[in-house]
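One structure is given here, and the rest of the page talks about it.
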Amino acid sequence: MSVELSRLLLAVGASLMDLKAGDPHTPIRGLAILDPDDEPGSYRDELVLVIGARGREAARAVRTAGQHGAAAA
């Protein structure tokens, strides 16, 4: 089962998430949490929430999520 990213954004609210780039119709099949101190896993088709990171470290974590299959981060 999947839900479109745009529906998640509406449900969560614009104050918590903002789509900066990409397709709002991307199917999301799961949710993962990425801590930059942990080894990345497979995030295929998942919405990845990055925790414990700011600035360049956060940008690096978002890129890592994308490289490991995340639909959105």
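Within each chain, counting starts at residue 1; across the structure tokens, chains are named A, B, ... in the order shown, with ligands numbered 1 upward in that order.
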Residues of range 35-64 of chain A that have any atom at most 12 Å from an atom of range 4-27 of chain A: could you tabulate them with the shortest-distance atom pair and the distance in Å to one decimal, using only C-alpha atoms, ordered by chain and increasing number, as JSON lines?
{"residue": "A:Arg44", "atom": "CA", "partner": "A:Pro27", "partner_atom": "CA", "distance": 10.7}
{"residue": "A:Asp45", "atom": "CA", "partner": "A:Pro27", "partner_atom": "CA", "distance": 6.9}
{"residue": "A:Glu46", "atom": "CA", "partner": "A:Pro27", "partner_atom": "CA", "distance": 8.5}
{"residue": "A:Leu47", "atom": "CA", "partner": "A:Leu5", "partner_atom": "CA", "distance": 8.3}
{"residue": "A:Val48", "atom": "CA", "partner": "A:Leu5", "partner_atom": "CA", "distance": 11.8}
{"residue": "A:Leu49", "atom": "CA", "partner": "A:Met17", "partner_atom": "CA", "distance": 10.1}
{"residue": "A:Val50", "atom": "CA", "partner": "A:Met17", "partner_atom": "CA", "distance": 12.0}
Print the selection's residues with C-alpha atoms to a file, as a short mmCIF file (atom, residue, chain, number, x, y, z; two decimals), in the first residue's frame.
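Everything below was put into result_25.cif:
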data_model
loop_
_atom_site.label_atom_id
_atom_site.label_comp_id
_atom_site.auth_asym_id
_atom_site.auth_seq_id
_atom_site.Cartn_x
_atom_site.Cartn_y
_atom_site.Cartn_z
CA ARG A 44 13.43 2.45 -1.05
CA ASP A 45 10.16 4.36 -1.57
CA GLU A 46 10.18 5.68 2.00
CA LEU A 47 9.79 9.13 3.48
CA VAL A 48 12.99 9.59 5.49
CA LEU A 49 13.05 11.91 8.49
CA VAL A 50 16.55 13.15 9.33
#
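Interatomic distance, CA of Ser42 in chain A against CA of Gly55 in chain A: 23.2 Å.
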Residue list (strand (DSSP E or B), DSSP) for chain A, as an MDAnalysis selection string: chainID A and resid 3:4 27:28 30:34 46:50 72
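The two atoms in question, CA of Val3 in chain A and CA of Glu57 in chain A, are spaced 28.7 Å apart.
Compared by their closest atoms to Ala70 in chain A, and using only C-alpha atoms, the residues A:Gly30, A:Ala58, A:Pro36, A:Met1 rank with A:Gly30 nearest.
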Long-range neighbours of Ala65 in chain A as a PyMOL selection string, 8 Å cut-off, only C-alpha atoms, 3 positions minimum in chain: chain A and resi 34+40+43+48+61-62+68-70+73
All alpha helix (DSSP H) residues (DSSP, backbone) inside chain A, as a ChimeraX atom specification: /A:5-12,55-67
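A straight line drawn from CA of Ser2 in chain A to CA of Asp37 in chain A is 28.6 Å long.
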